[in-house]
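*Asks:* I am attaching a structure below and will ask some questions about it afterwards.
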Amino acid sequence: MSDKPIFQPNDAPAGGWGALHATAKALREESAILKGGRSLLSMNQPDGFDCPGCAWPDPKHTSSFEFCENGAKAVAWETTKKRVTREFFATWTVSELERQSDHWLEEQGRLTEPMRYDRSTDRYVPVVWDGAFALIGRELRALADPNEAEFYTSGRTSNEAAFLYQLFVRLFGTNNFPDCSNMCHEPTSVGLPESIGIGKGTVVLEDFEHADAIFILGQNPGTNSPRMMTELHNASRRGVPIVVFNPLKERALERFAAPQDPIEMASFGSTRIASEYCQVGVGGDAAALKGIMKLVLEADDAARGAGEPSLLDTAFIAEHTDGFEAFAADLRQTAWDDILSTSGLPREQLERVARIYMQSKAVIACYGMGITQHRLGTNNVQQLANLLFLRGNIGRPGAGICPVRGHSNVQGDRTVGIDEKPKPEFLDRLGRVFGFDPPRAHGHNVVHAVEAILDGRAKAFIGLGGNFVAAVPDKPMVQEAMRKLRLTVAVTTKLNRGHLVHGKEALILPCLARSEIDFQKSGPQSVTVEDSMSMVHASGGLLAPGSEQLKSEVAIVCGMARATLTDTTVDWQSFEDDYDLIRDKIEQVFPDLFKDFNSKIRKPGGFRLANGASERVWRTSTGKARFLVFRGVDVDPPVPHPEMLRLATIRSHDQYNTTIYSMNDRYRGVYGTRTVVFMNKDDMASRGIAPQALVEIETLSDDGVERRVSGFAALPYDILRGSIAAYYPETNPLLALAHHDVKSGTPAAKSIPVIVRAMTAETEGGS
Ligand SMILES: Nc1nc2c(c(=O)[nH]1)N[C@H]1C(S)=C(S)[C@@H](COP(=O)(O)OP(=O)(O)OC[C@H]3O[C@@H](n4cnc5c(=O)[nH]c(N)nc54)[C@H](O)[C@@H]3O)O[C@H]1N2
Ligand SMILES: Nc1nc2c(c(=O)[nH]1)N[C@H]1C(S)=C(S)[C@@H](COP(=O)(O)OP(=O)(O)OC[C@H]3O[C@@H](n4cnc5c(=O)[nH]c(N)nc54)[C@H](O)[C@@H]3O)O[C@H]1N2
Ligand SMILES: [Mo]
């Protein structure tokens, strides 16, 4: 181990001067082209570009300077001056590049021109765009069945590019749309339609001003959606209780100094965020929620027994919901022992939280990956909806459910048709507007696509953004299998693992980033994105493209479509020339959602997509909001092993998914390394693991496959016993493909059953 300390916990609040310092440093190190800070100033402004960071919405009053440390990092990372040129690819063979770290690969800078893999030299060599498209067309047409191709989307893709992509793929003949959201908020997209009739959140940003309690479950906003901290900071200042559920003490959820607050900055002050920090066990949220709901029912029984008014919103329950009786009966028979042992929380704390809930007139519940990425993540989401129903906390000001999405347009991509299980009505309309008969059979989500790649059914893989091979479960096996594909295509901005783990034919197609001017025949183009709160707005780049050879994602999709679909009647060229024409078609296919699309996005701030549940219109199977029973308390099936720990794979403060900005994680006090595992000190002691000692982590699975990583430094951390955490994607070799939510297919990346052992001289030597 080096002599530099890797672990230096400090007590500073999140945000504050540390955040400003880190912002400046990120911009300086990337020598980002931020003329006079203009690109930062125009981010999230009505005439600027949407931050490529997270999916948190922009405030209506955009006079304030709305960016955050991690938004700045995301922009610096894409506006870097560094370039990956043809000379770079001439210097390095692919085998040599493979030995470099993920961090090193992306750090080389922006991709500059289309490249094709050359087997004879094991190098990527330049190819002209038309040559690249022709190759794709030839390979796709040569497939025996269109379902042998997988068409992946990552959530930065604009609505316009995503809409054309799904059109191209369906004209080609398949619904194989593995999507990053299949690893992310799919439990929301599957669970909430059953509960409330729409797979999206119901709140808007202004609701945060009217909430009088905010719950945050399984989400780390200080790192992953830092602009949300503005709302939490303001709410806390107003005295609004904030209840957090998280196995780990996350700094920004404890104390935060708002970089936008001059007084707090000048005085080195900070604001408490969580008024109640529930250190739930990994996978213990459903148990905790059931405990709270059971207490609410008990308190209500007592109140009514004493002749006092009900503590429930009985009018809402009667008029708007169904299933209450069965739900209440299940809660009454759920044993306290199970609730307490599975949640890991003391009963007194659940009682305090239940009181906060009952005393509040308007409650918002926000959640992230800590809720969704479980074996029964969909049920987790539905329990949260149940909690809100009890007091009518949905579809009125200051109240509602708030899934905080990940990628900045992941929600929009799904809205405009990236869906492996498309609804028949949507396909009917798509077919009518474009004069064809779209394929009806359901296609592949991420898990199905990985299965098809592993067993050889898939022959071609096209990725519109993202880094599929690094983000998926069973990463080592998938990477081997990808090499058997006939074709891999990566539409990307930066070099990543996906380019190196490639098929027999392989293409890198570099695209414009969101911050860059997208100039087409009819002039500069804007694209549109949809944030976590269903707000759709335009995003137009301001900077000169990173290279003259870059094409927009829209142009690349049109190029692939033209070269593949020889008998198409769709005028792809006109779409490429003028994105307004794409939006006209989106409006025709989705007339209810996108009426007057082109005129609405010309208004600053854009518009909100219709959201029935926000107006208490429930498009569920019964026309009501549905109390859905979840029997038992375990969202992750118990694994009978005395030493089992549950591993949550999480993000550091200096990464964007598989993009690693640096090896540091300031808020958690980790420096210069990412191969660490956060453990409770008692779990370490009972296993004979000294602080910072190296350990190996092994997955408990029964399929005979050994899944193990080693050389991770164990850090004693404020985390509930039995739960541990380590960074994604380094731990993806531990995540088994079969370990996913049964309903939504989302990999259970937050609850991998593992054992941890200290490394012996022997294992250390052999690793
Ligand atoms: N800077 C930056 N921003 C990002 C991203 C990024 O990587 N970097 N990624 C984007 C994407 S795609 C997404 S999906 C979001 C992800 O944003 P988050 O949902 O915040 O993501 P994670 O860091 O994976 O995990 C969230 C939290 O869940 C907690 N947790 C783990 N297991 C459990 C559990 O069983 N119960 C509870 N209650 N909590 C648990 C962890 O301790 C962690 O604090 O952020 C988006 N924004
Ligand atoms: N173990 C574990 N696994 C996980 C998770 C976890 O918490 N734990 N989280 C899951 C989640 S929530 C998600 S969303 C997935 C993320 O999976 P992906 O979305 O596939 O991965 P990213 O790392 O976001 O993709 C990064 C790449 O996107 C490209 N890129 C960046 N900007 C653009 C752009 O504007 N256009 C295009 N075309 N390309 C661009 C760059 O080349 C960069 O290398 O990972 C999932 N995997
Ligand atoms: Mo995500």
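Identifiers in the structure tokens: chain A, B, ... in order shown; residue index from 1 per chain; ligand index from 1 in order shown.
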Residues within 6 Å of ligand 1 should be enumerated using only C-alpha atoms and all ligand atoms and returned as a ChimeraX atom specification.

*Replies:* /A:53-54,70,184,217-221,223-225,245-248,282-285,368-371,405-407,648,650-651,655-657,750

*Asks:* Kindly work out which residues sit at most 7 Å from ligand 2, using only C-alpha atoms and all ligand atoms, and give the list as JSON, numbers by chain.

*Replies:* {"A": [106, 154, 155, 156, 157, 180, 181, 183, 184, 369, 406, 407, 464, 465, 466, 467, 468, 471, 472, 473, 491, 492, 493, 494, 495, 496, 511, 512, 513, 514, 553, 649, 650, 651, 656, 657, 658, 659, 728, 729, 731, 732, 735, 749, 750]}

*Asks:* I'd like to know which residues of region 573-678 of chain A are helix (DSSP H, G or I) (by DSSP, run on the backbone); could you write them as a VMD selection string?

*Replies:* chain A and resid 573 to 577 579 to 589 597 to 600 612 to 615 666 to 668

*Asks:* Keeping only N, CA, C and O atoms, write the selected residues to a file as a CSV table (one decimal), in the first residue's frame.

*Replies:*
```csv
chain,number,residue,atom,x,y,z
A,573,GLN,N,-33.7,12.1,-44.8
A,573,GLN,CA,-32.8,13.3,-45.0
A,573,GLN,C,-33.6,14.5,-44.5
A,573,GLN,O,-32.9,15.4,-43.9
A,574,SER,N,-34.9,14.6,-44.7
A,574,SER,CA,-35.6,15.8,-44.2
A,574,SER,C,-35.6,15.9,-42.7
A,574,SER,O,-35.4,17.0,-42.2
A,575,PHE,N,-35.6,14.7,-42.0
A,575,PHE,CA,-35.5,14.8,-40.6
A,575,PHE,C,-34.2,15.3,-40.1
A,575,PHE,O,-34.0,16.1,-39.2
A,576,GLU,N,-33.1,14.8,-40.8
A,576,GLU,CA,-31.8,15.2,-40.5
A,576,GLU,C,-31.6,16.7,-40.7
A,576,GLU,O,-30.9,17.4,-40.0
A,577,ASP,N,-32.2,17.2,-41.7
A,577,ASP,CA,-32.1,18.6,-42.1
A,577,ASP,C,-32.8,19.6,-41.1
A,577,ASP,O,-32.4,20.7,-41.0
A,579,TYR,N,-35.0,19.4,-37.5
A,579,TYR,CA,-35.5,18.6,-36.4
A,579,TYR,C,-37.0,19.0,-36.0
A,579,TYR,O,-37.7,18.2,-35.4
A,580,ASP,N,-37.5,20.2,-36.5
A,580,ASP,CA,-38.9,20.5,-36.3
A,580,ASP,C,-39.7,19.4,-36.9
A,580,ASP,O,-40.8,19.1,-36.4
A,581,LEU,N,-39.3,18.8,-38.0
A,581,LEU,CA,-40.1,17.8,-38.8
A,581,LEU,C,-40.1,16.5,-37.9
A,581,LEU,O,-41.1,15.8,-38.0
A,582,ILE,N,-39.1,16.3,-37.2
A,582,ILE,CA,-39.2,15.1,-36.3
A,582,ILE,C,-40.2,15.3,-35.2
A,582,ILE,O,-41.0,14.5,-34.9
A,583,ARG,N,-40.2,16.6,-34.7
A,583,ARG,CA,-41.1,16.9,-33.6
A,583,ARG,C,-42.6,16.8,-34.1
A,583,ARG,O,-43.5,16.4,-33.4
A,584,ASP,N,-42.8,17.2,-35.4
A,584,ASP,CA,-44.1,17.1,-35.9
A,584,ASP,C,-44.6,15.7,-35.9
A,584,ASP,O,-45.8,15.4,-35.6
A,585,LYS,N,-43.7,14.8,-36.2
A,585,LYS,CA,-44.0,13.3,-36.2
A,585,LYS,C,-44.3,12.8,-34.8
A,585,LYS,O,-45.2,12.0,-34.6
A,586,ILE,N,-43.5,13.3,-33.9
A,586,ILE,CA,-43.7,12.9,-32.5
A,586,ILE,C,-45.1,13.3,-32.1
A,586,ILE,O,-45.9,12.5,-31.5
A,587,GLU,N,-45.5,14.5,-32.5
A,587,GLU,CA,-46.8,15.0,-32.1
A,587,GLU,C,-47.9,14.1,-32.8
A,587,GLU,O,-48.9,13.8,-32.2
A,588,GLN,N,-47.7,13.7,-34.0
A,588,GLN,CA,-48.7,12.9,-34.7
A,588,GLN,C,-48.8,11.5,-34.0
A,588,GLN,O,-49.9,11.0,-33.9
A,589,VAL,N,-47.7,11.0,-33.6
A,589,VAL,CA,-47.8,9.6,-32.9
A,589,VAL,C,-48.3,9.7,-31.5
A,589,VAL,O,-49.0,8.8,-31.0
A,597,PHE,N,-46.3,20.7,-30.2
A,597,PHE,CA,-44.9,20.4,-29.7
A,597,PHE,C,-44.0,21.6,-30.1
A,597,PHE,O,-43.3,22.2,-29.2
A,598,ASN,N,-43.9,21.8,-31.4
A,598,ASN,CA,-42.9,22.8,-31.8
A,598,ASN,C,-43.1,24.2,-31.2
A,598,ASN,O,-42.1,24.9,-30.9
A,599,SER,N,-44.3,24.6,-31.1
A,599,SER,CA,-44.5,26.0,-30.5
A,599,SER,C,-44.3,25.9,-29.0
A,599,SER,O,-43.8,26.9,-28.4
A,600,LYS,N,-44.7,24.9,-28.4
A,600,LYS,CA,-44.5,24.8,-26.9
A,600,LYS,C,-43.1,24.8,-26.4
A,600,LYS,O,-42.7,25.4,-25.4
A,612,GLY,N,-51.8,12.0,-15.5
A,612,GLY,CA,-53.1,11.7,-14.9
A,612,GLY,C,-53.0,11.7,-13.3
A,612,GLY,O,-53.8,12.4,-12.7
A,613,ALA,N,-52.1,11.0,-12.8
A,613,ALA,CA,-52.0,10.8,-11.3
A,613,ALA,C,-51.9,12.2,-10.6
A,613,ALA,O,-52.4,12.3,-9.5
A,614,SER,N,-51.2,13.1,-11.3
A,614,SER,CA,-51.0,14.4,-10.6
A,614,SER,C,-52.4,15.1,-10.5
A,614,SER,O,-52.5,16.0,-9.7
A,615,GLU,N,-53.4,14.7,-11.3
A,615,GLU,CA,-54.7,15.3,-11.3
A,615,GLU,C,-55.7,14.4,-10.7
A,615,GLU,O,-56.9,14.5,-10.8
A,666,ARG,N,-14.8,12.6,-2.0
A,666,ARG,CA,-14.5,13.6,-1.0
A,666,ARG,C,-15.5,13.4,0.2
A,666,ARG,O,-15.1,13.4,1.4
A,667,TYR,N,-16.8,13.3,0.0
A,667,TYR,CA,-17.7,13.3,1.1
A,667,TYR,C,-17.5,12.1,2.0
A,667,TYR,O,-17.9,12.1,3.2
A,668,ARG,N,-17.1,11.0,1.4
A,668,ARG,CA,-16.9,9.8,2.2
A,668,ARG,C,-15.4,9.6,2.6
A,668,ARG,O,-15.1,8.7,3.2
```

*Asks:* To test your reading of the structure, identify every residue in region 517-565 of chain A that backbone DSSP assigns to strand (DSSP E or B), and report it as a list in words.

*Replies:*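 Matching residues for strand (DSSP E or B) in region 517-565 of chain A are Asp518, Phe519, Gln520, Gly523, Pro524, Gln525, Val527, Thr528, Val529, Glu530, Met535, Val536, His537, Ala538, Ser539, Leu543 and Lys551 of chain A.
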
*Asks:* Keeping only C-alpha atoms, write the selected residues to a file as a short mmCIF file (atom, residue, chain, number, x, y, z; two decimals), in the first residue's frame.

*Replies:*
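Here's the written file selection34.cif:
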```
data_model
loop_
_atom_site.label_atom_id
_atom_site.label_comp_id
_atom_site.auth_asym_id
_atom_site.auth_seq_id
_atom_site.Cartn_x
_atom_site.Cartn_y
_atom_site.Cartn_z
CA ASP A 518 -25.70 21.17 -33.98
CA PHE A 519 -25.76 22.82 -37.40
CA GLN A 520 -27.87 21.22 -40.11
CA GLY A 523 -29.68 26.05 -39.46
CA PRO A 524 -28.70 25.39 -35.86
CA GLN A 525 -30.91 22.75 -34.25
CA VAL A 527 -33.24 18.96 -29.29
CA THR A 528 -35.66 18.29 -26.44
CA VAL A 529 -35.38 16.42 -23.17
CA GLU A 530 -37.80 15.41 -20.41
CA MET A 535 -41.08 18.83 -17.95
CA VAL A 536 -40.06 18.87 -21.61
CA HIS A 537 -37.85 21.65 -22.88
CA ALA A 538 -35.42 22.53 -25.63
CA SER A 539 -31.68 22.23 -25.39
CA LEU A 543 -19.85 25.62 -28.28
CA LYS A 551 -22.27 14.08 -36.43
#
```

*Asks:* Can you list, as a PyMOL selection string, every protein, DNA or RNA residue that comes within 12 Å of Asp130 (chain A) when you count only C-alpha atoms, leaving out same-chain residues fewer than 3 positions away?

*Replies:* chain A and resi 114-115+126-127+133-137+509+551+555-556+558-564

*Asks:* Write the residues of the selection above to a file with C-alpha atoms, as a PDB file, in the first residue's frame.

*Replies:*
```
ATOM      1  CA  PRO A 114     -15.473   7.471 -37.188  1.00  0.00           C
ATOM      2  CA  MET A 115     -13.203   4.463 -36.762  1.00  0.00           C
ATOM      3  CA  PRO A 126     -10.351   5.778 -39.893  1.00  0.00           C
ATOM      4  CA  VAL A 127     -13.435   5.088 -41.995  1.00  0.00           C
ATOM      5  CA  PHE A 133     -23.152   3.275 -42.430  1.00  0.00           C
ATOM      6  CA  ALA A 134     -22.841   0.913 -45.394  1.00  0.00           C
ATOM      7  CA  LEU A 135     -21.106  -1.644 -43.197  1.00  0.00           C
ATOM      8  CA  ILE A 136     -23.917  -1.447 -40.633  1.00  0.00           C
ATOM      9  CA  GLY A 137     -26.501  -1.825 -43.386  1.00  0.00           C
ATOM     10  CA  LEU A 509     -19.167   6.573 -34.277  1.00  0.00           C
ATOM     11  CA  LYS A 551     -22.271  14.084 -36.433  1.00  0.00           C
ATOM     12  CA  ALA A 555     -27.785  12.353 -38.202  1.00  0.00           C
ATOM     13  CA  ILE A 556     -26.152   9.078 -37.184  1.00  0.00           C
ATOM     14  CA  CYS A 558     -30.667   8.674 -40.077  1.00  0.00           C
ATOM     15  CA  GLY A 559     -27.442   7.441 -41.667  1.00  0.00           C
ATOM     16  CA  MET A 560     -27.863   3.951 -40.221  1.00  0.00           C
ATOM     17  CA  ALA A 561     -31.513   3.849 -41.250  1.00  0.00           C
ATOM     18  CA  ARG A 562     -30.844   4.929 -44.840  1.00  0.00           C
ATOM     19  CA  ALA A 563     -28.098   2.355 -45.249  1.00  0.00           C
ATOM     20  CA  THR A 564     -30.094  -0.472 -43.679  1.00  0.00           C
TER      21      THR A 564
END
```

*Asks:* For a quick check of understanding, using only C-alpha atoms and all ligand atoms, which of A:Ser195, A:Thr673, A:Gln100, A:Asn409 has the smallest distance to ligand 3?

*Replies:*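 Looking only at the distances to ligand 3, the closest residue turns out to be A:Asn409.
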
*Asks:* If we count only C-alpha atoms and set the cut-off at 12 Å, which residues sit around Glu298 (chain A), ignoring sequence neighbours fewer than 5 positions away in its own chain? Please answer as a PDB file with C-alpha atoms, in the first residue's frame.

*Replies:*
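That gives us part-v4.pdb:
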```pdb
ATOM      1  CA  GLY A 291     -43.854  -0.669  10.144  1.00  0.00           C
ATOM      2  CA  ILE A 292     -44.689   3.001   9.702  1.00  0.00           C
ATOM      3  CA  MET A 293     -47.979   2.222   7.976  1.00  0.00           C
ATOM      4  CA  ALA A 303     -58.009   8.036  17.664  1.00  0.00           C
ATOM      5  CA  ARG A 304     -61.306   6.799  16.360  1.00  0.00           C
ATOM      6  CA  GLY A 305     -61.806   4.625  19.451  1.00  0.00           C
ATOM      7  CA  SER A 310     -59.578   9.757  11.669  1.00  0.00           C
ATOM      8  CA  LEU A 311     -55.885  10.148  10.993  1.00  0.00           C
ATOM      9  CA  LEU A 312     -56.349   8.782   7.507  1.00  0.00           C
ATOM     10  CA  ALA A 328     -54.847  -3.114   6.105  1.00  0.00           C
ATOM     11  CA  ALA A 329     -55.484  -6.761   7.002  1.00  0.00           C
ATOM     12  CA  LEU A 331     -50.414  -4.896   7.780  1.00  0.00           C
ATOM     13  CA  ARG A 332     -52.215  -5.889  10.944  1.00  0.00           C
ATOM     14  CA  GLU A 351     -42.752   5.717  15.844  1.00  0.00           C
ATOM     15  CA  ALA A 354     -44.938   7.756  11.816  1.00  0.00           C
ATOM     16  CA  ARG A 355     -45.699  10.812  13.962  1.00  0.00           C
ATOM     17  CA  MET A 358     -49.297  11.895  10.585  1.00  0.00           C
TER      18      MET A 358
END
```

*Asks:* Pick from A:Val410, A:Val570, A:Leu737, A:Leu384: nearest to ligand 3, with only C-alpha atoms and all ligand atoms counted?

*Replies:* A:Val410

*Asks:* With only C-alpha atoms as the atoms that count, which of A:Leu487, A:Val280, A:Cys366, A:Val433 lies nearest to Ala385 (chain A)?

*Replies:* A:Cys366

*Asks:* List the neighbours of Leu500 (chain A) out to 9 Å using only C-alpha atoms; skip same-chain residues closer than 2 positions along the sequence, and give me the result as a PDB file with C-alpha atoms, in the first residue's frame.

*Replies:*
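Generated output (selection-v1.pdb):
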```
ATOM      1  CA  VAL A  94      -6.748  -2.550 -29.002  1.00  0.00           C
ATOM      2  CA  SER A  95      -5.083  -5.214 -26.835  1.00  0.00           C
ATOM      3  CA  LEU A  97      -5.750  -0.211 -24.738  1.00  0.00           C
ATOM      4  CA  GLU A  98      -7.553  -3.025 -22.976  1.00  0.00           C
ATOM      5  CA  LEU A 495     -13.451   6.186 -25.502  1.00  0.00           C
ATOM      6  CA  ASN A 496     -14.720   3.461 -23.184  1.00  0.00           C
ATOM      7  CA  ARG A 497     -14.564  -0.265 -22.462  1.00  0.00           C
ATOM      8  CA  GLY A 498     -17.342  -0.937 -24.956  1.00  0.00           C
ATOM      9  CA  HIS A 502     -15.957  -5.641 -29.622  1.00  0.00           C
TER      10      HIS A 502
END
```

*Asks:* For Phe389 (chain A), please output as an MDAnalysis selection string all residues within 12 Å (counting only C-alpha atoms; exclusion window: fewer than 5 positions along the same chain).

*Replies:* chainID A and resid 195:196 293 296 312:324 327 357 362:365 382:384 394:396 399:401 613 616 624:628

*Asks:* Quick one: everything within 10 Å of Gly18 (chain A), counting only C-alpha atoms, minus sequence neighbours fewer than 4 positions away in the same chain. Send it as JSON, numbers by chain.

*Replies:* {"A": [12, 13, 14, 22, 23, 69, 257, 259, 666, 667]}

*Asks:* Taking into account only C-alpha atoms and all ligand atoms, which residue in the set A:Asp571, A:Asp118, A:Glu186, A:Asp145 is nearest to ligand 3?

*Replies:*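 Checking each of A:Asp571, A:Asp118, A:Glu186, A:Asp145 against ligand 3, counting only C-alpha atoms and all ligand atoms, the winner is A:Glu186.
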
*Asks:* Per residue of region 342-394 of chain A within 12 Å of region 709-723 of chain A, record the nearest atom pair and its distance in Å to one decimal, counting only C-alpha atoms, with rows in chain order and ascending residue number, as CSV.

*Replies:*
```
residue,atom,partner,partner_atom,distance
A:Thr342,CA,A:Gly722,CA,10.6
A:Ser343,CA,A:Leu720,CA,10.2
A:Gly344,CA,A:Leu720,CA,7.7
A:Leu345,CA,A:Leu720,CA,9.4
```

*Asks:* Tell me, in Å to one decimal, how far CA of His103 (chain A) is from CA of Ala470 (chain A).

*Replies:*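 A separation of 12.1 Å between them.
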
*Asks:* So, counting only C-alpha atoms and all ligand atoms, which residue among A:Thr85, A:Asn386, A:Thr568, A:Ser408 is closest to ligand 3?

*Replies:* A:Ser408
